[in-house]
$ cat input_2.txt   # compact mmCIF, C-alpha atoms
# COMPACT_ATOMS: atom_id res chain seq x y z
CA MET A 1 -8.36 11.92 19.67
CA GLN A 2 -6.30 10.44 22.49
CA THR A 3 -9.10 10.81 25.07
CA THR A 4 -11.69 9.17 22.77
CA PHE A 5 -9.46 6.31 21.62
CA ALA A 6 -11.10 3.61 23.76
CA LEU A 7 -14.54 4.66 22.53
CA ARG A 8 -13.47 4.37 18.89
CA ARG A 9 -11.88 0.97 19.37
CA GLN A 10 -14.99 -0.38 21.04
CA GLU A 11 -17.18 0.92 18.22
CA ILE A 12 -14.99 -0.31 15.37
CA VAL A 13 -14.37 -3.79 16.83
CA GLN A 14 -17.82 -4.55 18.22
CA GLU A 15 -20.11 -2.81 15.73
CA ASN A 16 -18.06 -3.19 12.51
CA PRO A 17 -19.48 -0.03 10.91
CA LEU A 18 -19.10 0.90 7.25
CA VAL A 19 -15.91 2.82 6.55
CA GLY A 20 -17.77 5.88 5.30
CA ASP A 21 -20.10 5.99 8.29
CA PHE A 22 -17.24 5.63 10.78
CA LEU A 23 -15.09 8.29 9.13
CA GLU A 24 -18.02 10.68 8.96
CA LYS A 25 -18.06 10.56 12.74
CA TRP A 26 -14.27 10.66 13.10
CA LEU A 27 -13.21 13.02 10.31
CA ALA A 28 -9.70 13.42 11.70
CA LEU A 29 -8.89 9.87 10.56
CA ARG A 30 -8.90 11.17 6.98
CA MET A 31 -5.67 12.99 7.84
CA GLU A 32 -2.31 11.26 7.32
CA SER A 33 -0.96 12.42 10.67
CA GLN A 34 -3.99 11.11 12.56
CA VAL A 35 -3.86 7.70 10.85
CA CYS A 36 -0.24 7.40 11.98
CA ALA A 37 -1.13 8.56 15.50
CA GLU A 38 -4.04 6.11 15.78
CA PHE A 39 -1.89 3.26 14.50
CA HIS A 40 0.68 4.08 17.18
CA ARG A 41 -2.03 4.02 19.86
CA ILE A 42 -3.05 0.53 18.72
CA THR A 43 0.38 -1.05 18.18
CA ASN A 44 2.88 1.24 19.93
CA VAL A 45 4.79 1.25 16.61
CA ASN A 46 5.65 4.30 14.48
CA LEU A 47 3.98 3.47 11.17
CA ARG A 48 6.16 5.32 8.68
CA ASN A 49 9.47 5.07 10.50
CA GLN A 50 9.22 1.32 11.06
CA LEU A 51 7.93 0.41 7.62
CA PHE A 52 10.35 2.53 5.62
CA SER A 53 13.35 1.74 7.80
CA ASP A 54 12.83 -1.98 7.35
CA LEU A 55 11.80 -1.66 3.71
CA ASP A 56 15.02 0.20 2.93
CA GLY A 57 16.93 -2.68 4.49
CA HIS A 58 15.12 -5.17 2.24
CA THR A 59 14.93 -3.13 -0.98
CA LEU A 60 18.11 -4.39 -2.65
CA ARG A 61 17.16 -8.02 -2.04
CA LEU A 62 13.55 -7.46 -3.11
CA ILE A 63 14.54 -5.82 -6.38
CA ALA A 64 17.15 -8.53 -7.01
CA LEU A 65 14.48 -11.20 -6.52
CA HIS A 66 12.10 -9.28 -8.78
CA ARG A 67 14.79 -9.21 -11.48
CA GLN A 68 15.35 -12.96 -11.18
CA LYS A 69 11.67 -13.63 -11.70
CA ALA A 70 11.44 -11.03 -14.46
CA ALA A 71 14.03 -13.01 -16.45
CA ARG A 72 11.60 -15.91 -16.81
CA THR A 73 8.69 -16.29 -19.22
CA GLY A 74 5.03 -15.67 -18.55
CA LYS A 75 2.66 -12.79 -17.82
CA VAL A 76 3.95 -12.21 -14.28
CA SER A 77 7.55 -11.98 -15.47
CA GLU A 78 6.51 -9.65 -18.28
CA ALA A 79 4.74 -7.34 -15.83
CA LEU A 80 7.77 -7.36 -13.53
CA ARG A 81 10.04 -6.49 -16.43
CA GLU A 82 7.90 -3.46 -17.25
CA ILE A 83 8.03 -2.15 -13.67
CA LEU A 84 11.79 -2.63 -13.52
CA ARG A 85 12.22 -1.05 -16.96
CA ILE A 86 10.37 2.07 -15.82
CA CYS A 87 12.45 2.15 -12.65
CA ASP A 88 15.70 1.81 -14.59
CA LEU A 89 14.70 4.65 -16.93
CA GLN A 90 14.62 7.17 -14.11
CA GLU A 91 17.56 9.57 -14.11
CA VAL A 92 17.54 9.76 -10.34
CA GLN A 93 17.45 6.40 -8.55
CA ASP A 94 16.57 7.84 -5.15
CA VAL A 95 15.27 5.97 -2.13
CA HIS A 96 11.67 6.89 -2.93
CA MET A 97 11.80 5.40 -6.42
CA LYS A 98 13.34 2.19 -5.07
CA ARG A 99 10.66 1.91 -2.39
CA ASN A 100 7.92 2.45 -4.97
CA ALA A 101 9.38 -0.15 -7.32
CA ALA A 102 9.89 -2.74 -4.57
CA LEU A 103 6.33 -2.37 -3.27
CA ARG A 104 4.68 -2.09 -6.69
CA ALA A 105 6.32 -5.34 -7.81
CA LEU A 106 5.73 -7.20 -4.53
CA PRO A 107 2.23 -8.55 -5.29
CA LEU A 108 3.38 -9.73 -8.71
CA TYR A 109 6.36 -11.53 -7.22
CA LEU A 110 4.02 -13.26 -4.76
CA CYS A 111 1.68 -14.18 -7.66
CA GLU A 112 -1.11 -12.09 -6.17
CA GLU A 113 -2.60 -10.32 -9.14
CA ASP A 114 -5.51 -8.00 -8.38
CA PRO A 115 -6.23 -5.75 -11.38
CA GLN A 116 -8.49 -3.59 -9.22
CA PHE A 117 -5.87 -2.74 -6.59
CA PHE A 118 -3.59 -0.46 -8.61
CA LYS A 119 -5.53 2.10 -10.61
CA SER A 120 -4.44 5.07 -12.68
CA TRP A 121 -6.50 8.19 -13.22
CA SER A 122 -5.84 11.07 -15.59
CA ALA A 123 -7.91 14.00 -14.35
CA GLU A 124 -7.29 15.65 -17.71
CA GLU A 125 -9.30 12.91 -19.43
CA VAL A 126 -12.04 11.96 -16.95
CA ASP A 127 -13.52 13.67 -13.91
CA ARG A 128 -13.44 10.53 -11.77
CA PRO A 129 -11.72 7.14 -12.11
CA ASP A 130 -13.74 3.97 -12.60
CA ILE A 131 -14.15 2.56 -9.09
CA THR A 132 -16.92 0.10 -9.87
CA ASN A 133 -16.61 -3.05 -7.74
CA THR A 134 -13.42 -1.76 -6.13
CA PRO A 135 -13.40 -2.39 -2.36
CA VAL A 136 -9.80 -1.27 -1.87
CA ALA A 137 -7.28 0.41 -4.17
CA ILE A 138 -4.31 2.71 -4.47
CA VAL A 139 -5.13 5.24 -7.19
CA SER A 140 -2.33 7.03 -9.03
CA MET A 141 -3.12 10.49 -10.37
CA VAL A 142 -1.34 10.96 -13.71
CA THR A 143 -0.67 14.17 -15.64
CA GLU A 144 0.72 14.83 -19.10
CA SER A 145 4.14 15.37 -17.56
CA THR A 146 4.17 11.90 -15.96
CA PRO A 147 2.57 9.57 -18.51
CA ILE A 148 5.19 6.82 -18.38
CA GLN A 149 5.74 6.67 -14.63
CA VAL A 150 2.11 5.74 -14.00
CA ASP A 151 2.73 3.72 -10.87
CA LEU A 152 6.25 4.64 -9.80
CA SER A 153 6.19 8.43 -9.77
CA PRO A 154 2.64 9.69 -10.26
CA ALA A 155 1.63 13.29 -9.62
CA SER A 156 -0.10 12.09 -6.44
CA THR A 157 -1.89 9.06 -5.06
CA ALA A 158 -5.07 8.34 -3.15
CA ILE A 159 -6.49 5.52 -1.02
CA LEU A 160 -9.88 4.06 -1.89
CA LEU A 161 -11.86 2.01 0.63
CA GLU A 162 -15.41 0.78 0.08
CA GLY A 163 -15.92 3.26 -2.76
CA ASP A 164 -14.71 6.20 -0.66
CA PHE A 165 -11.55 8.22 -1.29
CA VAL A 166 -10.41 8.13 2.32
CA ILE A 167 -7.17 10.09 1.83
CA SER A 168 -6.14 11.95 -1.33
CA ASN A 169 -3.16 13.99 -2.49
CA ILE A 170 -0.63 11.57 -1.01
CA ARG A 171 2.77 12.43 -2.42
CA ARG A 172 4.21 8.98 -3.10
CA MET A 173 2.93 5.47 -3.73
CA ALA A 174 5.02 4.03 -0.88
CA ASP A 175 3.31 6.47 1.48
CA SER A 176 -0.05 5.23 0.22
CA PHE A 177 1.00 1.66 0.99
CA ALA A 178 2.01 2.67 4.52
CA LEU A 179 -1.19 4.62 5.17
CA LEU A 180 -3.37 1.88 3.71
CA PHE A 181 -1.72 -0.66 5.98
CA GLY A 182 -2.29 1.70 8.89
CA LEU A 183 -5.94 2.11 7.96
CA MET A 184 -6.38 -1.67 7.98
CA TYR A 185 -5.51 -1.58 11.68
CA VAL A 186 -7.31 1.66 12.47
CA LEU A 187 -10.55 0.52 10.79
CA HIS A 188 -10.18 -3.13 11.84
CA LEU A 189 -10.36 -4.35 8.24
CA ASP A 190 -9.34 -7.69 6.77
CA TYR A 191 -6.55 -7.69 4.22
CA PRO A 192 -7.73 -7.86 0.58
CA LYS A 193 -8.30 -11.54 -0.22
CA LYS A 194 -6.14 -11.43 -3.34
CA LEU A 195 -3.28 -9.67 -1.53
CA ILE A 196 -3.07 -11.52 1.78
CA ASN A 197 0.58 -12.53 1.35
CA THR A 198 1.57 -9.00 0.33
CA PHE A 199 0.07 -7.44 3.45
CA THR A 200 1.26 -10.29 5.64
CA PHE A 201 4.82 -9.56 4.47
CA ILE A 202 4.36 -5.91 5.40
CA GLN A 203 2.86 -6.83 8.77
CA LYS A 204 5.24 -9.53 9.92
CA VAL A 205 8.50 -8.78 8.14
CA LEU A 206 8.56 -5.01 7.69
CA MET A 207 6.48 -3.92 10.68
CA GLY A 208 7.51 -6.74 13.04
CA LEU A 209 3.90 -7.32 14.12
CA ASP A 210 3.96 -11.08 14.57
CA ASP A 211 0.75 -13.00 15.25
CA GLY A 212 2.48 -16.23 16.23
CA LYS A 213 1.61 -18.04 13.00
CA PRO A 214 4.46 -19.44 10.86
CA LEU A 215 5.39 -17.59 7.70
CA LYS A 216 4.52 -19.17 4.37
CA PRO A 217 7.57 -20.25 2.33
CA CYS A 218 7.00 -17.52 -0.27
CA ILE A 219 7.17 -14.84 2.44
CA LEU A 220 10.02 -16.51 4.30
CA ASN A 221 12.06 -16.41 1.08
CA LEU A 222 11.66 -12.63 0.98
CA LYS A 223 12.72 -12.30 4.61
CA ASN A 224 15.93 -14.35 4.44

$ encode --input "input_2.txt" --output "structure tokens"
Amino acid sequence: MQTTFALRRQEIVQENPLVGDFLEKWLALRMESQVCAEFHRITNVNLRNQLFSDLDGHTLRLIALHRQKAARTGKVSEALREILRICDLQEVQDVHMKRNAALRALPLYLCEEDPQFFKSWSAEEVDRPDITNTPVAIVSMVTESTPIQVDLSPASTAILLEGDFVISNIRRMADSFALLFGLMYVLHLDYPKKLINTFTFIQKVLMGLDDGKPLKPCILNLKN
């Protein structure tokens, strides 16, 4: 993969192929390790280490801000309260649960609601989740043993791009976020229109990949 890197970058940037077509040619990019390796070739940044290290440093503030907003009225606050309620119900408040809660609530806090982005799928009920008109999504696989922790501690997660399950059986939702962000770079994709601020926060604040443009006030508030 290292020796063919320049060829892939030329193809993905100049020809803008469909995700499925490109990955059919480069099957290794359906592997978590290869997505991380390709991201490092592009940015010289360790995807997981950088994102989670910085996220852990921001988690307490993020959750505190989520709680402030959850105390208000309205649909966004109600949705935030539910995420925080599920988080608070967990017997073990480990780092993974806190990461999942902080990231799951982030789009809501930034008022970026995309009902198609977070999906849940019970394989015991249906063979395949409804992915109609879903260009990008993180899909949580739910079992009978994890019915309440739909988004925060699912049995596994998967990444959907252009109707294709690019990577499945991802252990945690935070890992799906990291890999999806990496795939945006690897596949030269635009951020989802309804989640631009969410992914910009990940890019500029957590990953330190600045593009020279000033941060919007809503993102700057999360950084400070």

$ atom_distance --input "input_2.txt" --atom1 "atom CA of Asn221 of chain A" --atom2 "atom CA of Cys36 of chain A"
28.9 Å

$ residues_around --input "input_2.txt" --residues "segment 59-72 of chain A" --least-positions-apart "3" --cutoff "8 Å" --atoms "only C-alpha atoms" --output "list in words"
Leu55, Asp56, Val76, Ser77, Glu78, Ala79, Leu80, Arg81, Leu84, Lys98, Arg99, Ala101, Ala102, Ala105, Leu106, Tyr109 and Leu222 of chain A

$ closest_residue --input "input_2.txt" --among "A:Glu91, A:Glu82, A:Glu32, A:Asp211" --to "Ser176 of chain A" --atoms "only C-alpha atoms"
A:Glu32

$ closest_residue --input "input_2.txt" --among "A:Arg9, A:Arg48, A:Lys194, A:His188" --to "Cys111 of chain A" --atoms "only C-alpha atoms"
A:Lys194

$ residues_around --input "input_2.txt" --residues "Val45 of chain A" --least-positions-apart "5" --cutoff "10 Å" --atoms "only C-alpha atoms" --output "PyMOL selection string"
chain A and resi 36-37+39-40+50-51+207-209

$ closest_residue --input "input_2.txt" --among "A:Met1, A:Leu110, A:Ile202, A:Leu152" --to "Met184 of chain A" --atoms "all atoms listed in the file"
A:Ile202

$ atom_distance --input "input_2.txt" --atom1 "atom CA of Val35 of chain A" --atom2 "atom CA of Phe201 of chain A"
20.3 Å

$ build_atoms --input "input_2.txt" --residues "segment 84-106 of chain A" --atoms "N, CA and C atoms" --output "mmCIF file, keeping the file's coordinate frame"
data_model
loop_
_atom_site.group_PDB
_atom_site.id
_atom_site.type_symbol
_atom_site.label_atom_id
_atom_site.label_comp_id
_atom_site.auth_asym_id
_atom_site.auth_seq_id
_atom_site.Cartn_x
_atom_site.Cartn_y
_atom_site.Cartn_z
ATOM 1 N N LEU A 84 10.351 -2.842 -13.670
ATOM 2 C CA LEU A 84 11.790 -2.630 -13.520
ATOM 3 C C LEU A 84 12.349 -1.757 -14.642
ATOM 4 N N ARG A 85 11.782 -1.896 -15.837
ATOM 5 C CA ARG A 85 12.220 -1.050 -16.960
ATOM 6 C C ARG A 85 11.934 0.419 -16.662
ATOM 7 N N ILE A 86 10.734 0.691 -16.158
ATOM 8 C CA ILE A 86 10.370 2.070 -15.820
ATOM 9 C C ILE A 86 11.278 2.602 -14.723
ATOM 10 N N CYS A 87 11.551 1.751 -13.743
ATOM 11 C CA CYS A 87 12.450 2.150 -12.650
ATOM 12 C C CYS A 87 13.839 2.474 -13.184
ATOM 13 N N ASP A 88 14.343 1.620 -14.061
ATOM 14 C CA ASP A 88 15.700 1.810 -14.590
ATOM 15 C C ASP A 88 15.809 3.044 -15.487
ATOM 16 N N LEU A 89 14.687 3.485 -16.061
ATOM 17 C CA LEU A 89 14.700 4.650 -16.930
ATOM 18 C C LEU A 89 14.850 5.965 -16.173
ATOM 19 N N GLN A 90 14.579 5.937 -14.892
ATOM 20 C CA GLN A 90 14.620 7.170 -14.110
ATOM 21 C C GLN A 90 16.057 7.682 -13.973
ATOM 22 N N GLU A 91 16.231 8.972 -14.210
ATOM 23 C CA GLU A 91 17.560 9.570 -14.110
ATOM 24 C C GLU A 91 18.071 9.555 -12.681
ATOM 25 N N VAL A 92 17.160 9.741 -11.746
ATOM 26 C CA VAL A 92 17.540 9.760 -10.340
ATOM 27 C C VAL A 92 16.985 8.521 -9.653
ATOM 28 N N GLN A 93 17.859 7.621 -9.248
ATOM 29 C CA GLN A 93 17.450 6.400 -8.550
ATOM 30 C C GLN A 93 17.488 6.668 -7.042
ATOM 31 N N ASP A 94 16.558 7.496 -6.570
ATOM 32 C CA ASP A 94 16.570 7.840 -5.150
ATOM 33 C C ASP A 94 15.838 6.777 -4.338
ATOM 34 N N VAL A 95 15.857 6.954 -3.024
ATOM 35 C CA VAL A 95 15.270 5.970 -2.130
ATOM 36 C C VAL A 95 13.774 5.833 -2.358
ATOM 37 N N HIS A 96 13.113 6.928 -2.733
ATOM 38 C CA HIS A 96 11.670 6.890 -2.930
ATOM 39 C C HIS A 96 11.297 6.045 -4.145
ATOM 40 N N MET A 97 12.058 6.195 -5.229
ATOM 41 C CA MET A 97 11.800 5.400 -6.420
ATOM 42 C C MET A 97 12.015 3.913 -6.142
ATOM 43 N N LYS A 98 13.064 3.593 -5.392
ATOM 44 C CA LYS A 98 13.340 2.190 -5.070
ATOM 45 C C LYS A 98 12.245 1.603 -4.186
ATOM 46 N N ARG A 99 11.761 2.386 -3.227
ATOM 47 C CA ARG A 99 10.660 1.910 -2.390
ATOM 48 C C ARG A 99 9.414 1.645 -3.244
ATOM 49 N N ASN A 100 9.099 2.600 -4.120
ATOM 50 C CA ASN A 100 7.920 2.450 -4.970
ATOM 51 C C ASN A 100 8.018 1.208 -5.841
ATOM 52 N N ALA A 101 9.191 0.996 -6.439
ATOM 53 C CA ALA A 101 9.380 -0.150 -7.320
ATOM 54 C C ALA A 101 9.278 -1.463 -6.545
ATOM 55 N N ALA A 102 9.912 -1.516 -5.378
ATOM 56 C CA ALA A 102 9.890 -2.740 -4.570
ATOM 57 C C ALA A 102 8.468 -3.100 -4.155
ATOM 58 N N LEU A 103 7.697 -2.106 -3.725
ATOM 59 C CA LEU A 103 6.330 -2.370 -3.270
ATOM 60 C C LEU A 103 5.383 -2.627 -4.436
ATOM 61 N N ARG A 104 5.573 -1.890 -5.533
ATOM 62 C CA ARG A 104 4.680 -2.090 -6.690
ATOM 63 C C ARG A 104 4.845 -3.478 -7.274
ATOM 64 N N ALA A 105 6.055 -4.017 -7.239
ATOM 65 C CA ALA A 105 6.320 -5.340 -7.810
ATOM 66 C C ALA A 105 6.029 -6.476 -6.838
ATOM 67 N N LEU A 106 5.888 -6.161 -5.556
ATOM 68 C CA LEU A 106 5.730 -7.200 -4.530
ATOM 69 C C LEU A 106 4.549 -8.135 -4.777
#
